[in-house]
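Student: Hey, dropping entry37.csv in here, CSV, C-alpha atoms:
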```csv
chain,number,residue,atom,x,y,z
A,192,MET,CA,39.0,122.7,79.6
A,193,VAL,CA,41.7,121.6,77.2
A,194,GLN,CA,45.1,121.1,78.9
A,195,GLU,CA,47.6,123.7,77.8
A,196,ARG,CA,50.8,122.3,76.5
A,197,LEU,CA,54.4,123.4,75.7
A,198,SER,CA,56.1,121.3,73.0
A,199,MET,CA,59.8,121.4,72.3
A,200,VAL,CA,61.9,119.9,69.5
A,201,VAL,CA,65.4,119.6,71.0
A,202,PHE,CA,67.8,119.3,68.1
A,203,SER,CA,70.9,120.9,69.6
A,204,GLY,CA,73.3,118.9,71.8
A,205,THR,CA,75.3,121.8,73.3
A,206,LEU,CA,75.2,122.6,77.0
A,207,ASP,CA,74.2,126.2,76.6
A,208,LYS,CA,71.1,125.3,74.5
A,209,LEU,CA,70.1,122.4,76.7
A,210,MET,CA,70.0,124.5,79.9
A,211,PRO,CA,66.9,126.4,78.8
A,212,VAL,CA,65.1,123.1,78.0
A,213,GLY,CA,65.1,122.2,81.7
A,214,ILE,CA,64.3,125.7,82.8
A,215,LEU,CA,61.5,126.2,80.3
A,216,ALA,CA,60.0,122.8,81.2
A,217,SER,CA,60.1,123.8,84.9
A,218,GLY,CA,58.4,127.1,84.2
A,219,ALA,CA,55.7,125.5,82.1
A,220,VAL,CA,54.9,122.9,84.7
A,221,ALA,CA,54.8,125.7,87.4
A,222,MET,CA,52.2,127.6,85.3
A,223,GLY,CA,50.1,124.5,84.9
A,224,LEU,CA,51.1,123.4,81.4
A,225,GLU,CA,51.9,119.9,80.2
A,226,VAL,CA,55.3,119.5,78.5
A,227,ASN,CA,56.0,117.4,75.4
A,228,ILE,CA,59.7,117.1,74.4
A,229,PHE,CA,61.0,115.5,71.3
A,230,LEU,CA,64.7,114.7,71.2
A,231,THR,CA,66.3,114.4,67.8
A,232,PHE,CA,69.8,114.3,66.4
A,233,TRP,CA,72.4,116.1,68.6
A,234,GLY,CA,69.7,116.7,71.2
A,235,LEU,CA,69.1,113.0,71.5
A,236,LEU,CA,72.8,112.1,71.6
A,237,ALA,CA,73.2,114.5,74.6
A,238,PHE,CA,70.7,112.2,76.5
A,239,ARG,CA,72.8,109.1,76.1
A,240,LYS,CA,73.8,107.8,79.6
A,241,GLY,CA,76.6,109.9,81.0
A,242,ALA,CA,76.9,112.2,77.9
A,243,ALA,CA,75.6,115.3,79.8
A,244,GLN,CA,78.9,115.4,81.8
A,245,SER,CA,81.0,116.3,78.8
A,246,LEU,CA,78.9,118.4,76.4
A,247,PRO,CA,80.4,121.2,74.4
A,248,ILE,CA,79.2,124.8,74.2
A,249,SER,CA,77.8,126.1,70.9
A,250,LYS,CA,80.5,127.1,68.5
A,251,GLU,CA,79.4,130.8,68.3
A,252,TYR,CA,79.8,131.2,72.1
A,253,GLU,CA,82.9,129.0,72.4
A,254,ALA,CA,85.0,132.0,73.7
A,255,MET,CA,82.8,131.9,76.8
A,256,ALA,CA,82.8,128.2,77.3
A,257,GLU,CA,85.4,127.9,80.1
A,258,GLN,CA,84.0,130.8,82.0
A,259,MET,CA,80.4,129.5,81.7
A,260,LYS,CA,81.4,126.0,82.9
A,261,GLN,CA,83.4,127.5,85.8
A,262,ILE,CA,80.6,129.8,86.9
A,263,MET,CA,78.1,127.0,86.7
A,264,ALA,CA,80.2,124.7,88.8
A,265,GLU,CA,81.1,127.5,91.3
A,266,LYS,CA,77.4,128.5,91.8
A,267,LYS,CA,76.2,124.9,91.8
A,268,VAL,CA,73.7,125.5,89.0
A,269,PRO,CA,71.6,122.3,88.6
A,270,SER,CA,72.2,120.4,85.3
A,271,PHE,CA,69.5,120.3,82.6
A,272,LEU,CA,68.8,116.7,83.6
A,273,ASP,CA,68.2,117.7,87.2
A,274,ASN,CA,65.9,120.5,86.1
A,275,LEU,CA,64.0,118.0,84.0
A,276,ARG,CA,63.7,115.6,86.9
A,277,THR,CA,62.3,118.3,89.1
A,278,ALA,CA,59.8,119.3,86.4
A,279,LYS,CA,58.8,115.7,85.9
A,280,GLU,CA,58.3,115.3,89.7
A,281,LEU,CA,56.0,118.3,89.9
A,282,GLY,CA,54.0,118.0,86.7
A,283,ASN,CA,53.3,116.2,83.5
A,284,VAL,CA,56.5,116.2,81.4
A,285,LYS,CA,57.0,113.6,78.7
A,286,VAL,CA,60.4,113.2,77.0
A,287,TYR,CA,60.5,111.2,73.8
A,288,ALA,CA,63.4,110.1,71.7
A,289,CYS,CA,63.1,110.4,67.9
A,290,GLY,CA,62.7,106.9,66.4
A,291,MET,CA,64.6,107.8,63.3
A,292,THR,CA,67.7,109.1,65.2
A,293,MET,CA,67.6,106.0,67.4
A,294,ASP,CA,67.7,103.7,64.3
A,295,LEU,CA,70.4,105.8,62.7
A,296,PHE,CA,72.8,105.6,65.6
A,297,GLY,CA,71.7,102.1,66.6
A,298,LEU,CA,70.5,103.2,70.1
A,299,LYS,CA,68.1,101.5,72.5
A,300,LEU,CA,65.9,103.1,75.1
A,301,GLU,CA,68.2,101.6,77.8
A,302,ASP,CA,71.2,103.6,76.4
A,303,LEU,CA,69.4,106.8,77.3
A,304,GLU,CA,69.1,108.7,80.6
A,305,ASP,CA,66.2,107.8,82.9
A,306,VAL,CA,64.3,111.0,82.1
A,307,VAL,CA,63.5,109.7,78.6
A,308,ASP,CA,60.0,108.1,78.6
A,309,GLY,CA,60.0,106.3,75.3
A,310,VAL,CA,60.6,106.3,71.6
A,311,VAL,CA,58.1,107.9,69.1
A,312,GLY,CA,57.9,108.8,65.5
A,313,VAL,CA,57.7,112.3,64.2
A,314,GLY,CA,54.0,111.8,63.3
A,315,GLU,CA,53.1,111.1,66.9
A,316,PHE,CA,55.1,114.1,68.2
A,317,ILE,CA,53.3,116.4,65.6
A,318,THR,CA,49.9,115.0,66.6
A,319,THR,CA,50.6,115.9,70.2
A,320,ALA,CA,52.2,119.2,69.4
A,321,LYS,CA,49.4,120.5,67.2
A,322,GLU,CA,47.0,120.4,70.1
A,323,GLY,CA,49.1,122.9,72.0
A,324,LYS,CA,49.7,126.7,71.4
A,325,MET,CA,53.4,126.7,71.9
A,326,THR,CA,56.1,124.7,70.1
A,327,LEU,CA,59.8,125.6,70.3
A,328,PHE,CA,62.7,124.4,68.2
A,329,ILE,CA,65.9,124.4,70.2
B,41,MET,CA,55.6,134.0,111.1
B,42,ALA,CA,55.1,131.4,108.4
B,43,ASP,CA,54.5,127.8,109.4
B,44,LYS,CA,57.4,126.7,107.2
B,45,VAL,CA,60.5,128.6,105.9
B,46,ILE,CA,62.4,127.4,102.8
B,47,ASP,CA,65.8,128.9,102.5
B,48,ALA,CA,66.4,128.8,98.7
B,49,ARG,CA,69.0,131.6,98.8
B,50,GLY,CA,71.8,130.8,96.3
B,51,SER,CA,69.5,128.7,94.2
B,52,PHE,CA,68.9,129.8,90.6
B,53,CYS,CA,65.7,130.3,88.6
B,54,PRO,CA,63.5,128.4,88.7
B,55,GLY,CA,64.9,126.6,91.8
B,56,PRO,CA,63.1,128.7,94.5
B,57,MET,CA,59.7,128.4,92.8
B,58,MET,CA,60.1,124.7,92.3
B,59,GLU,CA,61.1,124.2,96.0
B,60,LEU,CA,58.0,126.3,97.0
B,61,ILE,CA,55.7,124.2,94.8
B,62,ARG,CA,57.0,121.0,96.3
B,63,ALA,CA,56.5,122.4,99.8
B,64,VAL,CA,53.0,123.7,99.1
B,65,LYS,CA,52.0,120.2,97.8
B,66,GLU,CA,53.2,118.7,101.1
B,67,ALA,CA,51.6,121.3,103.3
B,68,LYS,CA,48.1,121.3,104.8
B,69,VAL,CA,45.4,123.7,103.7
B,70,GLY,CA,45.7,127.0,105.6
B,71,GLU,CA,49.4,126.7,106.3
B,72,THR,CA,51.7,129.5,105.3
B,73,ILE,CA,55.1,128.9,103.7
B,74,ALA,CA,57.8,131.5,103.3
B,75,VAL,CA,60.5,131.1,100.6
B,76,LEU,CA,63.8,133.1,100.8
B,77,SER,CA,65.3,133.8,97.4
B,78,THR,CA,68.3,135.6,96.0
B,79,ASP,CA,67.1,134.9,92.4
B,80,SER,CA,65.7,138.0,90.8
B,81,GLY,CA,62.9,136.2,88.9
B,82,SER,CA,61.3,134.7,92.0
B,83,LYS,CA,59.4,137.8,93.2
B,84,ARG,CA,57.7,138.1,89.9
B,85,ASP,CA,57.3,134.4,89.0
B,86,ILE,CA,56.0,133.2,92.4
B,87,PRO,CA,53.0,135.6,92.6
B,88,LEU,CA,52.0,134.4,89.1
B,89,TRP,CA,52.2,130.8,90.1
B,90,VAL,CA,50.2,131.5,93.3
B,91,GLN,CA,47.5,133.1,91.2
B,92,LYS,CA,47.5,130.3,88.7
B,93,ALA,CA,47.5,127.6,91.4
B,94,GLY,CA,44.7,129.3,93.4
B,95,HIS,CA,46.6,130.0,96.6
B,96,GLU,CA,47.0,133.3,98.5
B,97,LEU,CA,50.0,135.6,98.3
B,98,VAL,CA,50.5,136.8,101.9
B,99,GLY,CA,53.3,139.1,101.0
B,100,VAL,CA,56.6,139.9,99.2
B,101,ILE,CA,59.1,141.4,101.6
B,102,GLU,CA,62.4,142.8,100.2
B,103,HIS,CA,65.2,142.2,102.6
B,104,LYS,CA,68.8,143.3,102.2
B,105,GLY,CA,70.2,141.0,99.5
B,106,TYR,CA,67.2,138.6,99.2
B,107,ASP,CA,63.4,138.5,98.9
B,108,GLU,CA,61.0,136.7,101.2
B,109,ILE,CA,57.8,135.6,99.5
B,110,VAL,CA,55.0,134.3,101.8
B,111,VAL,CA,52.2,132.0,100.5
B,112,ARG,CA,49.1,130.5,102.1
B,113,LYS,CA,47.9,127.2,100.8
B,114,LEU,CA,44.2,127.5,100.0
B,115,ARG,CA,43.3,124.2,98.5
```
Here is a file; write its structure as C-alpha coordinates.
Tutor:
Amino acid sequence: MVQERLSMVVFSGTLDKLMPVGILASGAVAMGLEVNIFLTFWGLLAFRKGAAQSLPISKEYEAMAEQMKQIMAEKKVPSFLDNLRTAKELGNVKVYACGMTMDLFGLKLEDLEDVVDGVVGVGEFITTAKEGKMTLFI
Amino acid sequence: MADKVIDARGSFCPGPMMELIRAVKEAKVGETIAVLSTDSGSKRDIPLWVQKAGHELVGVIEHKGYDEIVVRKLR
(Lines of atoms letter the chains of each structure in order from A and count residues from 1; the text may use other names and numbers.)
(Lines give C-alpha, C1' and ligand atoms only; values in the text may rest on other atoms or scores of the structure.)
Protein backbone atom coordinates (compact mmCIF):
# COMPACT_ATOMS: atom_id res chain seq x y z
CA MET A 1 0.00 0.00 0.00
CA VAL A 2 1.23 3.48 -0.85
CA GLN A 3 1.72 5.61 2.24
CA GLU A 4 -0.79 8.48 2.22
CA ARG A 5 0.71 11.91 2.63
CA LEU A 6 -0.27 15.49 3.46
CA SER A 7 2.07 18.13 2.05
CA MET A 8 2.01 21.77 3.09
CA VAL A 9 3.76 24.79 1.62
CA VAL A 10 4.05 27.20 4.56
CA PHE A 11 4.56 30.68 3.08
CA SER A 12 2.89 32.79 5.79
CA GLY A 13 4.71 33.86 8.92
CA THR A 14 1.79 35.09 10.98
CA LEU A 15 0.73 33.36 14.17
CA ASP A 16 -2.89 32.80 13.13
CA LYS A 17 -1.84 31.04 9.93
CA LEU A 18 0.87 28.95 11.60
CA MET A 19 -1.48 27.55 14.26
CA PRO A 20 -3.34 25.34 11.76
CA VAL A 21 -0.02 24.01 10.42
CA GLY A 22 0.66 22.29 13.76
CA ILE A 23 -2.94 21.18 14.19
CA LEU A 24 -3.33 19.81 10.65
CA ALA A 25 -0.02 17.97 10.96
CA SER A 26 -1.25 16.38 14.21
CA GLY A 27 -4.58 15.36 12.67
CA ALA A 28 -2.84 13.88 9.64
CA VAL A 29 -0.46 11.84 11.79
CA ALA A 30 -3.37 10.61 13.91
CA MET A 31 -5.16 9.39 10.79
CA GLY A 32 -2.08 7.54 9.59
CA LEU A 33 -0.73 10.00 7.03
CA GLU A 34 2.84 11.10 6.56
CA VAL A 35 3.40 14.86 6.64
CA ASN A 36 5.76 16.77 4.36
CA ILE A 37 6.19 20.48 5.17
CA PHE A 38 8.05 23.01 3.03
CA LEU A 39 8.85 26.31 4.77
CA THR A 40 9.40 29.24 2.47
CA PHE A 41 9.70 33.02 2.77
CA TRP A 42 7.81 34.42 5.80
CA GLY A 43 6.90 30.91 6.85
CA LEU A 44 10.58 30.02 7.07
CA LEU A 45 11.52 33.23 8.89
CA ALA A 46 8.96 32.31 11.58
CA PHE A 47 11.01 29.14 12.26
CA ARG A 48 14.18 31.05 13.11
CA LYS A 49 15.21 30.26 16.70
CA GLY A 50 13.06 32.28 19.10
CA ALA A 51 11.02 33.98 16.36
CA ALA A 52 7.81 32.15 17.35
CA GLN A 53 7.55 34.19 20.55
CA SER A 54 6.93 37.48 18.79
CA LEU A 55 4.98 36.73 15.62
CA PRO A 56 2.36 39.15 14.32
CA ILE A 57 -1.24 38.31 13.41
CA SER A 58 -2.32 38.59 9.75
CA LYS A 59 -3.14 42.15 8.74
CA GLU A 60 -6.78 41.41 7.89
CA TYR A 61 -7.42 40.04 11.41
CA GLU A 62 -5.30 42.63 13.23
CA ALA A 63 -8.27 44.01 15.15
CA MET A 64 -8.52 40.62 16.92
CA ALA A 65 -4.78 40.29 17.61
CA GLU A 66 -4.66 41.30 21.27
CA GLN A 67 -7.77 39.30 22.10
CA MET A 68 -6.42 36.20 20.35
CA LYS A 69 -3.05 36.39 22.11
CA GLN A 70 -4.75 36.91 25.46
CA ILE A 71 -7.14 33.97 25.00
CA MET A 72 -4.33 31.70 23.87
CA ALA A 73 -2.19 32.57 26.88
CA GLU A 74 -5.12 32.30 29.30
CA LYS A 75 -6.23 28.89 28.01
CA LYS A 76 -2.65 27.65 27.63
CA VAL A 77 -3.06 26.73 23.97
CA PRO A 78 0.12 24.93 22.83
CA SER A 79 2.25 26.82 20.31
CA PHE A 80 2.49 25.63 16.71
CA LEU A 81 6.02 24.45 17.51
CA ASP A 82 4.74 22.32 20.40
CA ASN A 83 2.01 20.86 18.19
CA LEU A 84 4.60 20.03 15.54
CA ARG A 85 6.86 18.39 18.13
CA THR A 86 3.98 16.19 19.32
CA ALA A 87 3.10 15.28 15.72
CA LYS A 88 6.74 14.38 15.03
CA GLU A 89 6.88 12.22 18.14
CA LEU A 90 3.80 10.22 17.12
CA GLY A 91 4.29 9.94 13.38
CA ASN A 92 6.36 10.62 10.33
CA VAL A 93 6.51 14.41 9.96
CA LYS A 94 9.28 16.03 7.96
CA VAL A 95 9.84 19.78 8.04
CA TYR A 96 12.10 21.21 5.36
CA ALA A 97 13.42 24.71 4.80
CA CYS A 98 13.39 26.16 1.29
CA GLY A 99 16.97 26.40 0.04
CA MET A 100 16.30 29.55 -1.94
CA THR A 101 14.94 31.44 1.11
CA MET A 102 17.89 30.20 3.19
CA ASP A 103 20.33 31.62 0.63
CA LEU A 104 18.39 34.85 0.24
CA PHE A 105 18.43 35.62 3.97
CA GLY A 106 21.85 34.08 4.63
CA LEU A 107 20.45 31.45 7.02
CA LYS A 108 21.98 28.16 8.16
CA LEU A 109 20.15 25.11 9.48
CA GLU A 110 21.46 25.83 13.00
CA ASP A 111 19.68 29.23 12.91
CA LEU A 112 16.33 27.39 12.79
CA GLU A 113 14.19 25.68 15.44
CA ASP A 114 14.93 22.01 16.17
CA VAL A 115 11.75 20.82 14.42
CA VAL A 116 13.31 21.63 11.04
CA ASP A 117 14.85 18.48 9.55
CA GLY A 118 16.86 19.91 6.70
CA VAL A 119 17.12 22.16 3.67
CA VAL A 120 15.67 21.11 0.30
CA GLY A 121 15.10 22.64 -3.10
CA VAL A 122 11.66 23.16 -4.59
CA GLY A 123 12.20 20.25 -6.96
CA GLU A 124 12.61 17.77 -4.15
CA PHE A 125 9.53 19.09 -2.35
CA ILE A 126 7.43 18.81 -5.52
CA THR A 127 8.71 15.29 -6.16
CA THR A 128 7.59 14.23 -2.68
CA ALA A 129 4.32 16.17 -2.82
CA LYS A 130 3.23 14.75 -6.16
CA GLU A 131 3.00 11.27 -4.67
CA GLY A 132 0.39 12.49 -2.17
CA LYS A 133 -3.26 13.40 -2.69
CA MET A 134 -3.32 16.48 -0.51
CA THR A 135 -1.17 19.59 -0.74
CA LEU A 136 -2.03 22.84 1.03
CA PHE A 137 -0.60 26.33 0.57
CA ILE A 138 -0.71 28.25 3.82
CA MET B 1 -13.47 0.98 34.90
CA ALA B 2 -10.66 1.65 32.44
CA ASP B 3 -7.09 0.50 33.18
CA LYS B 4 -5.87 4.04 32.68
CA VAL B 5 -7.60 7.42 32.72
CA ILE B 6 -6.16 10.45 30.94
CA ASP B 7 -7.60 13.71 32.13
CA ALA B 8 -7.20 15.98 29.10
CA ARG B 9 -9.92 18.41 30.17
CA GLY B 10 -8.94 21.97 29.28
CA SER B 11 -6.67 20.78 26.47
CA PHE B 12 -7.60 21.92 22.96
CA CYS B 13 -8.00 20.02 19.68
CA PRO B 14 -6.05 17.87 18.87
CA GLY B 15 -4.51 17.63 22.37
CA PRO B 16 -6.79 14.96 23.89
CA MET B 17 -6.48 12.71 20.81
CA MET B 18 -2.69 13.08 20.75
CA GLU B 19 -2.47 12.26 24.47
CA LEU B 20 -4.63 9.19 23.90
CA ILE B 21 -2.49 8.01 20.96
CA ARG B 22 0.62 8.33 23.11
CA ALA B 23 -1.03 6.37 25.95
CA VAL B 24 -2.27 3.61 23.64
CA LYS B 25 1.26 3.22 22.24
CA GLU B 26 2.58 2.69 25.75
CA ALA B 27 -0.26 0.38 26.89
CA LYS B 28 -0.39 -3.41 26.64
CA VAL B 29 -2.73 -5.17 24.20
CA GLY B 30 -6.13 -5.70 25.85
CA GLU B 31 -5.87 -2.73 28.20
CA THR B 32 -8.55 -0.05 28.21
CA ILE B 33 -7.83 3.65 28.31
CA ALA B 34 -10.33 6.39 29.05
CA VAL B 35 -9.73 9.97 27.96
CA LEU B 36 -11.67 12.86 29.50
CA SER B 37 -12.06 15.80 27.15
CA THR B 38 -13.75 19.18 27.09
CA ASP B 39 -12.75 19.68 23.43
CA SER B 40 -15.81 19.35 21.21
CA GLY B 41 -13.88 17.65 18.38
CA SER B 42 -12.68 14.69 20.47
CA LYS B 43 -15.85 12.63 20.50
CA ARG B 44 -15.93 12.65 16.70
CA ASP B 45 -12.18 12.51 16.00
CA ILE B 46 -11.20 9.81 18.46
CA PRO B 47 -13.68 7.15 17.17
CA LEU B 48 -12.29 7.81 13.64
CA TRP B 49 -8.74 7.34 14.89
CA VAL B 50 -9.73 4.14 16.75
CA GLN B 51 -11.19 2.70 13.54
CA LYS B 52 -8.16 3.74 11.49
CA ALA B 53 -5.65 2.40 14.01
CA GLY B 54 -7.53 -0.90 14.45
CA HIS B 55 -8.52 -0.66 18.12
CA GLU B 56 -11.92 -1.00 19.80
CA LEU B 57 -14.18 1.85 20.82
CA VAL B 58 -15.61 0.71 24.15
CA GLY B 59 -17.82 3.75 24.56
CA VAL B 60 -18.40 7.48 24.39
CA ILE B 61 -20.03 8.76 27.57
CA GLU B 62 -21.27 12.33 27.75
CA HIS B 63 -20.85 13.74 31.25
CA LYS B 64 -21.88 17.19 32.37
CA GLY B 65 -19.34 19.55 30.79
CA TYR B 66 -17.03 16.90 29.33
CA ASP B 67 -16.90 13.66 27.35
CA GLU B 68 -15.34 10.35 28.35
CA ILE B 69 -14.11 8.20 25.48
CA VAL B 70 -12.99 4.65 26.29
CA VAL B 71 -10.74 2.66 23.98
CA ARG B 72 -9.36 -0.90 24.14
CA LYS B 73 -5.94 -1.53 22.60
CA LEU B 74 -6.25 -4.47 20.20
CA ARG B 75 -2.84 -4.74 18.60
Student: Select all residues from chain A having any atom no more than 9 Å from an atom of chain B (counting all atoms listed in the file, ignoring ligands), output as a list in words.
Tutor: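 Close to chain B, chain A has Ile214, Leu215, Ser217, Gly218, Ala221, Met222, Gly223, Lys266, Lys267, Val268, Pro269, Asn274, Thr277, Ala278, Glu280 and Leu281 of chain A.
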Student: Could you save those same residues with C-alpha atoms as a CSV table (one decimal), in the frame of the given file?
Tutor:
```csv
chain,number,residue,atom,x,y,z
A,214,ILE,CA,64.3,125.7,82.8
A,215,LEU,CA,61.5,126.2,80.3
A,217,SER,CA,60.1,123.8,84.9
A,218,GLY,CA,58.4,127.1,84.2
A,221,ALA,CA,54.8,125.7,87.4
A,222,MET,CA,52.2,127.6,85.3
A,223,GLY,CA,50.1,124.5,84.9
A,266,LYS,CA,77.4,128.5,91.8
A,267,LYS,CA,76.2,124.9,91.8
A,268,VAL,CA,73.7,125.5,89.0
A,269,PRO,CA,71.6,122.3,88.6
A,274,ASN,CA,65.9,120.5,86.1
A,277,THR,CA,62.3,118.3,89.1
A,278,ALA,CA,59.8,119.3,86.4
A,280,GLU,CA,58.3,115.3,89.7
A,281,LEU,CA,56.0,118.3,89.9
```
Student: As an exercise, work out the distance from CA of His95 (chain B) to CA of Gly282 (chain A) in Å and give it to one decimal place.
Tutor: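 Result for CA of His95 (chain B) versus CA of Gly282 (chain A): 17.2 Å, one decimal.
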Student: So which residues touch Cys289 (chain A) within 6 Å, counting all atoms listed in the file, skipping near sequence neighbours fewer than 4 positions away, as a PyMOL selection string?
Tutor: chain A and resi 230-231+311-312
Student: Could you give me, as a count of residues only, the residues within 12 Å of Met291 (chain A), counting only C-alpha atoms and dropping anything in the same chain fewer than 5 positions from it?
Tutor: 14
Student: Give me the residues within 10 Å of Ala320 (chain A) as a PyMOL selection string, counting only C-alpha atoms and dropping any in the same chain fewer than 5 places off.
Tutor: chain A and resi 196-200+226-229+314-315+325-327
Student: Which of these residues is nearest to Thr205 (chain A), using all atoms listed in the file: A:Ala288, A:Leu246, A:Met255, A:Val220?
Tutor: A:Leu246
Student: Please indicate the distance in Å from CA of Glu257 (chain A) to CA of Ser270 (chain A), rounded to one decimal place.
Tutor: 16.0 Å
Student: Ranking A:Ala237, A:Val284, A:Leu206, A:Val307 by minimum distance to Leu224 (chain A) and counting all atoms listed in the file, which one comes first?
Tutor: A:Val284
Student: Name the residues in contact with Arg49 (chain B) at a cut-off of 8 Å, using all atoms listed in the file, excluding same-chain residues fewer than 4 positions from it; report them as JSON, numbers by chain.
Tutor: {"B": [56, 76, 77, 78, 79, 106]}
Student: In Å, how far is it from CA of Thr292 (chain A) to CA of Phe202 (chain A)?
Tutor: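 Spanning CA of Thr292 (chain A) to CA of Phe202 (chain A) is a straight-line distance of 10.6 Å.
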Student: If we count all atoms listed in the file and set the cut-off at 6 Å, which residues sit around Gly99 (chain B), ignoring sequence neighbours fewer than 2 positions away in its own chain? Please answer as a list of chain:residue names.
Tutor: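 Final neighbour list, sorted by chain and number: B:Leu97, B:Ile109, B:Val110.
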Student: What would region 308-323 of chain A look like if you wrote it out as an mmCIF file, in the first residue's frame, with N, CA, C and O atoms included, from the block I just posted?
Tutor:
```cif
data_model
loop_
_atom_site.group_PDB
_atom_site.id
_atom_site.type_symbol
_atom_site.label_atom_id
_atom_site.label_comp_id
_atom_site.auth_asym_id
_atom_site.auth_seq_id
_atom_site.Cartn_x
_atom_site.Cartn_y
_atom_site.Cartn_z
ATOM 1 N N ASP A 308 14.012 19.657 9.806
ATOM 2 C CA ASP A 308 14.852 18.481 9.545
ATOM 3 C C ASP A 308 15.990 18.744 8.566
ATOM 4 O O ASP A 308 16.987 18.032 8.582
ATOM 5 N N GLY A 309 15.808 19.705 7.684
ATOM 6 C CA GLY A 309 16.859 19.914 6.700
ATOM 7 C C GLY A 309 16.467 20.977 5.689
ATOM 8 O O GLY A 309 15.413 21.601 5.801
ATOM 9 N N VAL A 310 17.343 21.155 4.717
ATOM 10 C CA VAL A 310 17.119 22.157 3.670
ATOM 11 C C VAL A 310 16.934 21.412 2.353
ATOM 12 O O VAL A 310 17.723 20.522 2.029
ATOM 13 N N VAL A 311 15.869 21.746 1.612
ATOM 14 C CA VAL A 311 15.667 21.106 0.301
ATOM 15 C C VAL A 311 15.352 22.165 -0.758
ATOM 16 O O VAL A 311 14.965 23.291 -0.436
ATOM 17 N N GLY A 312 15.487 21.780 -1.993
ATOM 18 C CA GLY A 312 15.097 22.641 -3.098
ATOM 19 C C GLY A 312 13.647 22.395 -3.442
ATOM 20 O O GLY A 312 13.052 21.410 -2.999
ATOM 21 N N VAL A 313 13.077 23.277 -4.230
ATOM 22 C CA VAL A 313 11.664 23.160 -4.589
ATOM 23 C C VAL A 313 11.402 21.871 -5.376
ATOM 24 O O VAL A 313 10.342 21.253 -5.244
ATOM 25 N N GLY A 314 12.366 21.459 -6.157
ATOM 26 C CA GLY A 314 12.198 20.246 -6.964
ATOM 27 C C GLY A 314 11.981 19.012 -6.111
ATOM 28 O O GLY A 314 11.111 18.185 -6.397
ATOM 29 N N GLU A 315 12.753 18.927 -5.037
ATOM 30 C CA GLU A 315 12.612 17.766 -4.149
ATOM 31 C C GLU A 315 11.257 17.792 -3.441
ATOM 32 O O GLU A 315 10.595 16.763 -3.303
ATOM 33 N N PHE A 316 10.839 18.990 -3.006
ATOM 34 C CA PHE A 316 9.526 19.093 -2.349
ATOM 35 C C PHE A 316 8.421 18.642 -3.304
ATOM 36 O O PHE A 316 7.549 17.853 -2.946
ATOM 37 N N ILE A 317 8.460 19.147 -4.538
ATOM 38 C CA ILE A 317 7.425 18.808 -5.524
ATOM 39 C C ILE A 317 7.429 17.300 -5.805
ATOM 40 O O ILE A 317 6.365 16.676 -5.906
ATOM 41 N N THR A 318 8.610 16.724 -5.895
ATOM 42 C CA THR A 318 8.710 15.286 -6.157
ATOM 43 C C THR A 318 8.019 14.493 -5.052
ATOM 44 O O THR A 318 7.299 13.523 -5.306
ATOM 45 N N THR A 319 8.228 14.915 -3.807
ATOM 46 C CA THR A 319 7.591 14.228 -2.681
ATOM 47 C C THR A 319 6.092 14.517 -2.657
ATOM 48 O O THR A 319 5.278 13.617 -2.445
ATOM 49 N N ALA A 320 5.727 15.772 -2.899
ATOM 50 C CA ALA A 320 4.316 16.174 -2.819
ATOM 51 C C ALA A 320 3.479 15.500 -3.906
ATOM 52 O O ALA A 320 2.321 15.160 -3.671
ATOM 53 N N LYS A 321 4.050 15.269 -5.059
ATOM 54 C CA LYS A 321 3.229 14.751 -6.165
ATOM 55 C C LYS A 321 2.771 13.312 -5.929
ATOM 56 O O LYS A 321 1.797 12.875 -6.516
ATOM 57 N N GLU A 322 3.423 12.637 -5.013
ATOM 58 C CA GLU A 322 2.999 11.265 -4.672
ATOM 59 C C GLU A 322 1.809 11.265 -3.700
ATOM 60 O O GLU A 322 1.216 10.218 -3.464
ATOM 61 N N GLY A 323 1.493 12.420 -3.126
ATOM 62 C CA GLY A 323 0.393 12.489 -2.171
ATOM 63 C C GLY A 323 -0.854 13.070 -2.816
ATOM 64 O O GLY A 323 -0.790 13.652 -3.893
#
```
